Structure formats: C-alpha cells, structure tokens
Amino acid sequence: MKNDTVELIAEKEEEILNHWVEAQLNGNLHREDLADKADLLRESNLFLEEFTKVLSPGNFDVTSEEFIPIKKMIVEITQKRTLLGYTAKETALFIFSLKNTLMFFLKSIYDKKPTLLLTELRTLNELIDELGTITFDTFIADREEIIRRQRKELLEASTPIIKLWDGILGVPIIGTVDSQRSQQIMDKLLNAINDTGFSIAIIDISGVSTLDTLTAQHILKTSAAARLMGATCIISGISPSIAQTIISLDIDLGVTKTKGTMSEAIQMALQIINNKKEHKLGLKHGQDSDIEAGKSIVNHHSKRNL
Amino acid sequence: MKLGNLLLITIQSEIYDSLGIKLLNDIAETLEKHNSKGILLDISSVPIIDSFMGRIINNIASISRLMDAHTVVVGMQPAVAITLVELGLEMPNILTAINVEQGIELLNKKITKMNRIDEADQGEKDTD
C-alpha cells in the first residue's frame, strides 16, 4: 500500500465517515428498528478510527500484533449487534460497505494512474474482506457456545436420578440414548449409589424407542458395575422391539433382573428390602425366627424323605 | 480386624502386587486362626484397581470359600467398578455390598442360612 493512500484516508477521515454513514443509510444497511442513527455513526466512527490507526504502508497482515485491537473491536461490535437482533449478513455488510466509500475517495487521487488504483484497491479489498469475515467467525462462535451450553443442560436434565423409596433409586430414561448419554447415565447412577448408599437401582427404559448394541452393552455394564459396588439393578420397561434387538444382537443379559413395568420393578425392590429388614428383626429378637425357619426346612426335608 | 465370627479387612490405599499376595496369605492364616465364617473386604478407600488386584480379590473369595467362609466386598468406588467391568472382570461369584453395615447383614444372612442347612442335614440324619 502506498503512503499516499494511508495519508489520504487519515486526512479525510471525517469526510469518509460521513460518506460511509450516508451510503449505509441509503443502502438500507441500517436497521432503524434496532438502532438509531447516532448508534450507527458511533460504531462507524469507532471502526474507522481503529482502521486508520492500523493502516500503514507495508503492513496488512491481519494476524500481526497491530491488528489485535481492531479485531477485538469487531468482535465487540458483532456481539452487540447480535444481541440487538442483527443478522450475520447485516453485520458483515456493515464492514464490507466501507469498500465502496474508500473506492470513491481513492479514485480522486489515483484518477490518472489506473494501474496503481487497481493495486491499491486490491490491497484494501483484501484487508477489509479479512476484517469482515471476523464478524462471521464471531457470530458462529457465539452460536456454537450457545449450542454447547444447551446440549450440556439437556444432558443434565435428561438423566434424572430419583430417590423412589428409602433404599431405592429410580432412573427413568426417555428418548434416544447414544453412547455419550449412556456413559453419562452410567457415571451418574454409580455416583448416586455411592453417595446415597442405596442398594437397589431401577432403570426404566419404557420411554426409549430404539437401542443400539453399544448402548445395550453400556446399560448391562452399568448393571454389572452396580453389582460390584453392592447394589442390585433392575431393568424395567423393555419394549418388544428392544427385546428383539437384544435377542438378535445376541447380548447376554446375564444375571440382570428384568421386569415388565416400573410398578412391578418397585414391587420387587420393596420385596428385596423387606426380606433384608425381616432378617434384621429376626436377628435382634434372638434366633427364634431363624429356628422356626430352620424347623420348617427340617419338616420340609423330612416330608420329602418320606 | 476380628468382629465376632467375621473378619473385617480394610484396604487403605493402592495395593501393589507384592502387597496383594501378602494380603492373600495373611487372610488365609487369620481365617484358620480364628475360624471365621465371613470376610468383609472394605475397599472404599481404594481409588484405582488393576487386573491383578481383581484376580487377588477373586482368589481371596475362592480360598475363603474352601475354608468355609463367605467373602463380601464392600464400598467399591464407581471408577473401580467401571474399570473392573471394562476389564471383563465381572466377578460373578463374589458377594458385594454398599457399605460395611449392609455387608455385615449380608454375611449374617449367609451364615445363618448355612447353619439352617446344617441343621436340616442334621434333621435328615435324625429321620433316617
């Protein structure tokens, strides 16, 4: 870039600004419903100021240190405009529209030298294009951040661990389960077992439409891991299609208990808990009940022998 | 630590291979000395476990079974459980419980059940 160009832009900054704002207003680039004219003027002024600052004959490498402030400013303008409701296109056009204005002013000094005008325009074009695309990058990065956050929130919300009863945890699973989600269910359930000390977990998959091999394996692994930790897993609500999947995929359910409905699973869980309690009572009230039980076994055996 | 007719073993930290074998020997000897009927293996403070330790635990269970005692592993950490499952060591023959309290309950149940069967055997002999 020639010194002349840089000087011209610095000299005529005010004129350029007015021309640019005028062009934006005429070119329908300004959204009156979102911001007033003063805002547009302020933003344009800010940008132009930074732009003239970074302009120097030789340096138009956008990745260099001099460009950090202007890039930061573009990011700020984009974020502000996105919040106001501008589209990505409108924000990008805001910066691209400076090209026309600069072209208009450059024409006045390079009128007699078309080749020079062309090279200068090309350099400026490239520079503004680079800066303009930053708005897109910012816009997309912001959107992705939102998507990431919502995805995380969705994952959190999609695997509730409920305390159904004293000693019973319930894990209702609804929707599609991919391997990431099943991994999360596994982690959350095992940690919940560890934290609460509850010994029975009911995994209800009646709300799951399809199950792939990996997920099925994951659920079975969860069940095996829970057993190792000393808890019992009951899987309830296996739909016909899932049952067929499990059979056709030749997955071994092993010792995992399954029940048709959640209510049956709860019944079973309560029974297990009651068995434990009865036994505890039996121990406390001396060995009477055990002896009784022993006798009944003896009788049973004797009858069989007879 | 002796607890009635039970044996409570608490493992405090990561165990190395040599320590694991020593543990196995100690348990076998203590079992014989006290004639214990149950072993509680508390691994709640073990942060990580490898396949060798998994086998040691399995061996403890098998040995104690031969010496007429039940083994209950209590307080396994979630990470440890996942590791063991991923390693394919699902230990179908080992009894587990969430904490020492439930482990003791489970062991008592097992022991009384065993006594009943003994009584039943006795009964059978009487009727003969």
# chains A, B, ... in the order shown; residues from 1 in each chain; ligands from 1
$ residues_around --residues "segment 62-73 of chain B" --least-positions-apart "2" --cutoff "6 Å" --atoms "only C-alpha atoms" --output "ChimeraX atom specification"
/B:37-41,59-60,95-96
$ write_last_selection --atoms "all heavy atoms" --output "compact mmCIF listing (two decimals), in the first residue's frame"
# COMPACT_ATOMS: atom_id res chain seq x y z
N LYS B 37 -16.16 -67.13 59.92
CA LYS B 37 -17.12 -67.62 58.94
C LYS B 37 -17.37 -66.63 57.81
O LYS B 37 -18.07 -66.92 56.85
CB LYS B 37 -18.47 -67.93 59.62
CG LYS B 37 -18.39 -69.08 60.59
CD LYS B 37 -18.24 -70.38 59.85
CE LYS B 37 -18.03 -71.52 60.82
NZ LYS B 37 -17.03 -72.46 60.30
N GLY B 38 -16.85 -65.42 57.98
CA GLY B 38 -17.09 -64.42 56.92
C GLY B 38 -15.97 -63.40 56.85
O GLY B 38 -15.34 -63.09 57.85
N ILE B 39 -15.73 -62.91 55.66
CA ILE B 39 -14.72 -61.87 55.47
C ILE B 39 -15.37 -60.66 54.86
O ILE B 39 -16.13 -60.76 53.89
CB ILE B 39 -13.60 -62.35 54.52
CG1 ILE B 39 -12.87 -63.56 55.09
CG2 ILE B 39 -12.62 -61.23 54.23
CD1 ILE B 39 -11.90 -64.15 54.11
N LEU B 40 -15.12 -59.48 55.46
CA LEU B 40 -15.58 -58.23 54.87
C LEU B 40 -14.35 -57.53 54.31
O LEU B 40 -13.43 -57.20 55.06
CB LEU B 40 -16.22 -57.34 55.93
CG LEU B 40 -17.70 -57.52 56.21
CD1 LEU B 40 -18.07 -56.67 57.41
CD2 LEU B 40 -18.52 -57.12 55.01
N LEU B 41 -14.33 -57.34 53.03
CA LEU B 41 -13.18 -56.69 52.41
C LEU B 41 -13.61 -55.27 52.05
O LEU B 41 -14.34 -55.06 51.08
CB LEU B 41 -12.77 -57.48 51.17
CG LEU B 41 -11.39 -57.22 50.60
CD1 LEU B 41 -10.31 -57.49 51.64
CD2 LEU B 41 -11.16 -58.07 49.36
N ASN B 59 -9.36 -64.48 44.14
CA ASN B 59 -8.69 -65.58 44.84
C ASN B 59 -9.04 -65.60 46.31
O ASN B 59 -9.25 -66.66 46.89
CB ASN B 59 -7.17 -65.46 44.68
CG ASN B 59 -6.73 -65.87 43.30
OD1 ASN B 59 -7.54 -66.36 42.52
ND2 ASN B 59 -5.46 -65.67 42.99
N ILE B 60 -9.10 -64.40 46.92
CA ILE B 60 -9.48 -64.34 48.34
C ILE B 60 -10.84 -65.01 48.52
O ILE B 60 -11.04 -65.83 49.43
CB ILE B 60 -9.53 -62.87 48.82
CG1 ILE B 60 -8.13 -62.28 48.86
CG2 ILE B 60 -10.17 -62.79 50.22
CD1 ILE B 60 -8.10 -60.80 49.22
N LEU B 95 -19.68 -61.81 46.41
CA LEU B 95 -20.78 -61.06 47.01
C LEU B 95 -20.33 -59.62 47.22
O LEU B 95 -19.17 -59.37 47.53
CB LEU B 95 -21.17 -61.68 48.36
CG LEU B 95 -21.69 -63.11 48.32
CD1 LEU B 95 -21.75 -63.67 49.73
CD2 LEU B 95 -23.05 -63.16 47.67
N THR B 96 -21.26 -58.70 47.04
CA THR B 96 -20.89 -57.30 47.23
C THR B 96 -21.94 -56.60 48.07
O THR B 96 -23.08 -57.02 48.15
CB THR B 96 -20.80 -56.57 45.88
OG1 THR B 96 -21.98 -56.84 45.13
CG2 THR B 96 -19.58 -56.99 45.09
$ interface_residues --of "chain B" --to "chain A" --cutoff "8 Å" --atoms "only C-alpha atoms" --output "NGL selection string"
:B and (73-78 or 81-82 or 84-86 or 90-91 or 95-99 or 105 or 109 or 112 or 116-117 or 119-120 or 123-124 or 127)
$ write_last_selection --atoms "N, CA, C and O atoms" --output "mmCIF file, in the first residue's frame"
data_model
loop_
_atom_site.group_PDB
_atom_site.id
_atom_site.type_symbol
_atom_site.label_atom_id
_atom_site.label_comp_id
_atom_site.auth_asym_id
_atom_site.auth_seq_id
_atom_site.Cartn_x
_atom_site.Cartn_y
_atom_site.Cartn_z
ATOM 1 N N VAL B 73 -17.308 -58.082 49.340
ATOM 2 C CA VAL B 73 -16.534 -56.886 49.009
ATOM 3 C C VAL B 73 -17.440 -55.681 49.220
ATOM 4 O O VAL B 73 -18.540 -55.638 48.678
ATOM 5 N N VAL B 74 -17.008 -54.727 50.034
ATOM 6 C CA VAL B 74 -17.880 -53.576 50.299
ATOM 7 C C VAL B 74 -17.230 -52.259 49.875
ATOM 8 O O VAL B 74 -16.021 -52.106 49.885
ATOM 9 N N GLY B 75 -18.108 -51.343 49.506
ATOM 10 C CA GLY B 75 -17.714 -49.959 49.255
ATOM 11 C C GLY B 75 -16.859 -49.737 48.037
ATOM 12 O O GLY B 75 -15.993 -48.874 48.041
ATOM 13 N N MET B 76 -17.134 -50.489 46.978
ATOM 14 C CA MET B 76 -16.326 -50.276 45.787
ATOM 15 C C MET B 76 -16.673 -48.927 45.146
ATOM 16 O O MET B 76 -17.828 -48.575 45.024
ATOM 17 N N GLN B 77 -15.646 -48.175 44.783
ATOM 18 C CA GLN B 77 -15.851 -46.870 44.155
ATOM 19 C C GLN B 77 -16.382 -47.045 42.727
ATOM 20 O O GLN B 77 -16.045 -48.034 42.068
ATOM 21 N N PRO B 78 -17.193 -46.077 42.263
ATOM 22 C CA PRO B 78 -17.726 -46.182 40.894
ATOM 23 C C PRO B 78 -16.626 -46.390 39.847
ATOM 24 O O PRO B 78 -16.748 -47.246 38.970
ATOM 25 N N ALA B 81 -15.393 -49.875 39.890
ATOM 26 C CA ALA B 81 -16.376 -50.811 39.338
ATOM 27 C C ALA B 81 -16.359 -50.756 37.816
ATOM 28 O O ALA B 81 -16.355 -51.782 37.139
ATOM 29 N N ILE B 82 -16.312 -49.536 37.271
ATOM 30 C CA ILE B 82 -16.293 -49.395 35.816
ATOM 31 C C ILE B 82 -15.031 -50.048 35.250
ATOM 32 O O ILE B 82 -15.088 -50.797 34.270
ATOM 33 N N LEU B 84 -13.236 -52.491 36.448
ATOM 34 C CA LEU B 84 -13.317 -53.956 36.502
ATOM 35 C C LEU B 84 -14.224 -54.490 35.411
ATOM 36 O O LEU B 84 -13.905 -55.481 34.746
ATOM 37 N N VAL B 85 -15.360 -53.803 35.190
ATOM 38 C CA VAL B 85 -16.282 -54.265 34.153
ATOM 39 C C VAL B 85 -15.628 -54.141 32.780
ATOM 40 O O VAL B 85 -15.733 -55.029 31.934
ATOM 41 N N GLU B 86 -14.930 -52.997 32.575
ATOM 42 C CA GLU B 86 -14.268 -52.812 31.279
ATOM 43 C C GLU B 86 -13.176 -53.855 31.065
ATOM 44 O O GLU B 86 -12.912 -54.264 29.942
ATOM 45 N N GLU B 90 -16.051 -59.380 35.788
ATOM 46 C CA GLU B 90 -17.325 -59.041 36.426
ATOM 47 C C GLU B 90 -17.546 -59.802 37.721
ATOM 48 O O GLU B 90 -18.507 -59.562 38.437
ATOM 49 N N MET B 91 -16.659 -60.718 38.043
ATOM 50 C CA MET B 91 -16.661 -61.456 39.307
ATOM 51 C C MET B 91 -18.051 -61.961 39.707
ATOM 52 O O MET B 91 -18.600 -61.533 40.723
ATOM 53 N N LEU B 95 -19.678 -61.808 46.407
ATOM 54 C CA LEU B 95 -20.783 -61.065 47.011
ATOM 55 C C LEU B 95 -20.330 -59.623 47.218
ATOM 56 O O LEU B 95 -19.167 -59.366 47.527
ATOM 57 N N THR B 96 -21.259 -58.701 47.039
ATOM 58 C CA THR B 96 -20.890 -57.302 47.228
ATOM 59 C C THR B 96 -21.939 -56.596 48.072
ATOM 60 O O THR B 96 -23.082 -57.020 48.150
ATOM 61 N N ALA B 97 -21.514 -55.503 48.712
ATOM 62 C CA ALA B 97 -22.452 -54.677 49.471
ATOM 63 C C ALA B 97 -21.962 -53.245 49.406
ATOM 64 O O ALA B 97 -20.788 -52.986 49.132
ATOM 65 N N ILE B 98 -22.887 -52.322 49.657
ATOM 66 C CA ILE B 98 -22.536 -50.916 49.504
ATOM 67 C C ILE B 98 -21.655 -50.427 50.643
ATOM 68 O O ILE B 98 -20.666 -49.747 50.438
ATOM 69 N N ASN B 99 -22.028 -50.773 51.866
ATOM 70 C CA ASN B 99 -21.193 -50.337 52.986
ATOM 71 C C ASN B 99 -21.022 -51.484 53.973
ATOM 72 O O ASN B 99 -21.618 -52.553 53.825
ATOM 73 N N GLU B 105 -24.761 -57.433 57.400
ATOM 74 C CA GLU B 105 -26.096 -58.001 57.305
ATOM 75 C C GLU B 105 -26.112 -59.196 56.361
ATOM 76 O O GLU B 105 -26.639 -60.264 56.674
ATOM 77 N N LYS B 109 -26.728 -63.167 57.160
ATOM 78 C CA LYS B 109 -27.776 -63.898 56.470
ATOM 79 C C LYS B 109 -27.201 -65.193 55.886
ATOM 80 O O LYS B 109 -27.774 -66.270 56.035
ATOM 81 N N THR B 112 -26.328 -67.669 58.734
ATOM 82 C CA THR B 112 -27.494 -68.329 59.338
ATOM 83 C C THR B 112 -28.102 -69.312 58.348
ATOM 84 O O THR B 112 -28.555 -70.391 58.726
ATOM 85 N N ARG B 116 -28.745 -73.197 58.954
ATOM 86 C CA ARG B 116 -30.025 -73.866 58.732
ATOM 87 C C ARG B 116 -29.817 -75.130 57.913
ATOM 88 O O ARG B 116 -30.390 -76.168 58.207
ATOM 89 N N ILE B 117 -29.030 -75.005 56.882
ATOM 90 C CA ILE B 117 -28.814 -76.177 56.028
ATOM 91 C C ILE B 117 -28.121 -77.272 56.836
ATOM 92 O O ILE B 117 -28.466 -78.449 56.748
ATOM 93 N N GLU B 119 -28.421 -77.639 60.042
ATOM 94 C CA GLU B 119 -29.471 -78.205 60.906
ATOM 95 C C GLU B 119 -30.329 -79.177 60.115
ATOM 96 O O GLU B 119 -30.706 -80.246 60.590
ATOM 97 N N ALA B 120 -30.651 -78.717 58.890
ATOM 98 C CA ALA B 120 -31.501 -79.551 58.045
ATOM 99 C C ALA B 120 -30.832 -80.891 57.787
ATOM 100 O O ALA B 120 -31.475 -81.941 57.850
ATOM 101 N N GLY B 123 -31.222 -82.861 60.735
ATOM 102 C CA GLY B 123 -32.600 -83.352 60.785
ATOM 103 C C GLY B 123 -32.779 -84.566 59.908
ATOM 104 O O GLY B 123 -33.393 -85.560 60.292
ATOM 105 N N GLU B 124 -32.210 -84.488 58.729
ATOM 106 C CA GLU B 124 -32.332 -85.597 57.798
ATOM 107 C C GLU B 124 -31.755 -86.868 58.403
ATOM 108 O O GLU B 124 -32.333 -87.939 58.325
ATOM 109 N N THR B 127 -34.071 -88.325 61.006
ATOM 110 C CA THR B 127 -35.215 -89.077 60.474
ATOM 111 C C THR B 127 -34.787 -90.418 59.889
ATOM 112 O O THR B 127 -35.592 -91.328 59.807
#
$ select_by_dssp --residues "chain B" --states "strand (DSSP E or B)" --output "ChimeraX atom specification"
/B:2-3,6-10,38-42,70-74,95-97
$ write_last_selection --atoms "N, CA and C atoms" --output "PDB file, in the first residue's frame"
ATOM      1  N   LYS B   2     -10.801 -58.494  63.891  1.00  0.00           N
ATOM      2  CA  LYS B   2     -11.793 -59.525  64.151  1.00  0.00           C
ATOM      3  C   LYS B   2     -13.083 -58.895  64.645  1.00  0.00           C
ATOM      4  N   LEU B   3     -14.224 -59.416  64.197  1.00  0.00           N
ATOM      5  CA  LEU B   3     -15.520 -58.847  64.559  1.00  0.00           C
ATOM      6  C   LEU B   3     -16.465 -60.021  64.750  1.00  0.00           C
ATOM      7  N   LEU B   6     -16.730 -62.721  62.262  1.00  0.00           N
ATOM      8  CA  LEU B   6     -16.381 -62.140  60.962  1.00  0.00           C
ATOM      9  C   LEU B   6     -14.971 -61.567  61.013  1.00  0.00           C
ATOM     10  N   LEU B   7     -14.435 -61.332  59.834  1.00  0.00           N
ATOM     11  CA  LEU B   7     -13.113 -60.749  59.723  1.00  0.00           C
ATOM     12  C   LEU B   7     -13.251 -59.490  58.872  1.00  0.00           C
ATOM     13  N   LEU B   8     -12.880 -58.336  59.433  1.00  0.00           N
ATOM     14  CA  LEU B   8     -13.006 -57.093  58.665  1.00  0.00           C
ATOM     15  C   LEU B   8     -11.634 -56.660  58.182  1.00  0.00           C
ATOM     16  N   ILE B   9     -11.479 -56.573  56.888  1.00  0.00           N
ATOM     17  CA  ILE B   9     -10.204 -56.133  56.317  1.00  0.00           C
ATOM     18  C   ILE B   9     -10.430 -54.829  55.575  1.00  0.00           C
ATOM     19  N   THR B  10      -9.735 -53.792  56.015  1.00  0.00           N
ATOM     20  CA  THR B  10      -9.864 -52.502  55.329  1.00  0.00           C
ATOM     21  C   THR B  10      -8.589 -52.228  54.559  1.00  0.00           C
ATOM     22  N   GLY B  38     -16.849 -65.419  57.976  1.00  0.00           N
ATOM     23  CA  GLY B  38     -17.089 -64.422  56.921  1.00  0.00           C
ATOM     24  C   GLY B  38     -15.971 -63.397  56.850  1.00  0.00           C
ATOM     25  N   ILE B  39     -15.727 -62.910  55.660  1.00  0.00           N
ATOM     26  CA  ILE B  39     -14.716 -61.875  55.472  1.00  0.00           C
ATOM     27  C   ILE B  39     -15.374 -60.658  54.858  1.00  0.00           C
ATOM     28  N   LEU B  40     -15.123 -59.483  55.460  1.00  0.00           N
ATOM     29  CA  LEU B  40     -15.576 -58.229  54.867  1.00  0.00           C
ATOM     30  C   LEU B  40     -14.346 -57.528  54.311  1.00  0.00           C
ATOM     31  N   LEU B  41     -14.329 -57.340  53.028  1.00  0.00           N
ATOM     32  CA  LEU B  41     -13.181 -56.685  52.411  1.00  0.00           C
ATOM     33  C   LEU B  41     -13.607 -55.268  52.045  1.00  0.00           C
ATOM     34  N   ASP B  42     -13.174 -54.300  52.855  1.00  0.00           N
ATOM     35  CA  ASP B  42     -13.600 -52.912  52.638  1.00  0.00           C
ATOM     36  C   ASP B  42     -12.598 -52.215  51.715  1.00  0.00           C
ATOM     37  N   HIS B  70     -17.520 -66.923  53.847  1.00  0.00           N
ATOM     38  CA  HIS B  70     -18.002 -66.115  52.720  1.00  0.00           C
ATOM     39  C   HIS B  70     -17.229 -64.815  52.674  1.00  0.00           C
ATOM     40  N   THR B  71     -17.040 -64.307  51.451  1.00  0.00           N
ATOM     41  CA  THR B  71     -16.370 -63.019  51.300  1.00  0.00           C
ATOM     42  C   THR B  71     -17.354 -62.009  50.726  1.00  0.00           C
ATOM     43  N   VAL B  72     -17.417 -60.833  51.355  1.00  0.00           N
ATOM     44  CA  VAL B  72     -18.231 -59.749  50.806  1.00  0.00           C
ATOM     45  C   VAL B  72     -17.310 -58.560  50.574  1.00  0.00           C
ATOM     46  N   VAL B  73     -17.308 -58.082  49.340  1.00  0.00           N
ATOM     47  CA  VAL B  73     -16.534 -56.886  49.009  1.00  0.00           C
ATOM     48  C   VAL B  73     -17.440 -55.681  49.220  1.00  0.00           C
ATOM     49  N   VAL B  74     -17.008 -54.727  50.034  1.00  0.00           N
ATOM     50  CA  VAL B  74     -17.880 -53.576  50.299  1.00  0.00           C
ATOM     51  C   VAL B  74     -17.230 -52.259  49.875  1.00  0.00           C
ATOM     52  N   LEU B  95     -19.678 -61.808  46.407  1.00  0.00           N
ATOM     53  CA  LEU B  95     -20.783 -61.065  47.011  1.00  0.00           C
ATOM     54  C   LEU B  95     -20.330 -59.623  47.218  1.00  0.00           C
ATOM     55  N   THR B  96     -21.259 -58.701  47.039  1.00  0.00           N
ATOM     56  CA  THR B  96     -20.890 -57.302  47.228  1.00  0.00           C
ATOM     57  C   THR B  96     -21.939 -56.596  48.072  1.00  0.00           C
ATOM     58  N   ALA B  97     -21.514 -55.503  48.712  1.00  0.00           N
ATOM     59  CA  ALA B  97     -22.452 -54.677  49.471  1.00  0.00           C
ATOM     60  C   ALA B  97     -21.962 -53.245  49.406  1.00  0.00           C
TER      61      ALA B  97
END
$ select_by_dssp --residues "chain B" --states "alpha helix (DSSP H)" --output "PyMOL selection string"
chain B and resi 17-34+51-66+78-86+100-127
$ closest_residue --among "A:Glu15, A:Asp4, A:Ile205, A:Thr176" --to "Leu117 of chain A" --atoms "only C-alpha atoms"
A:Asp4
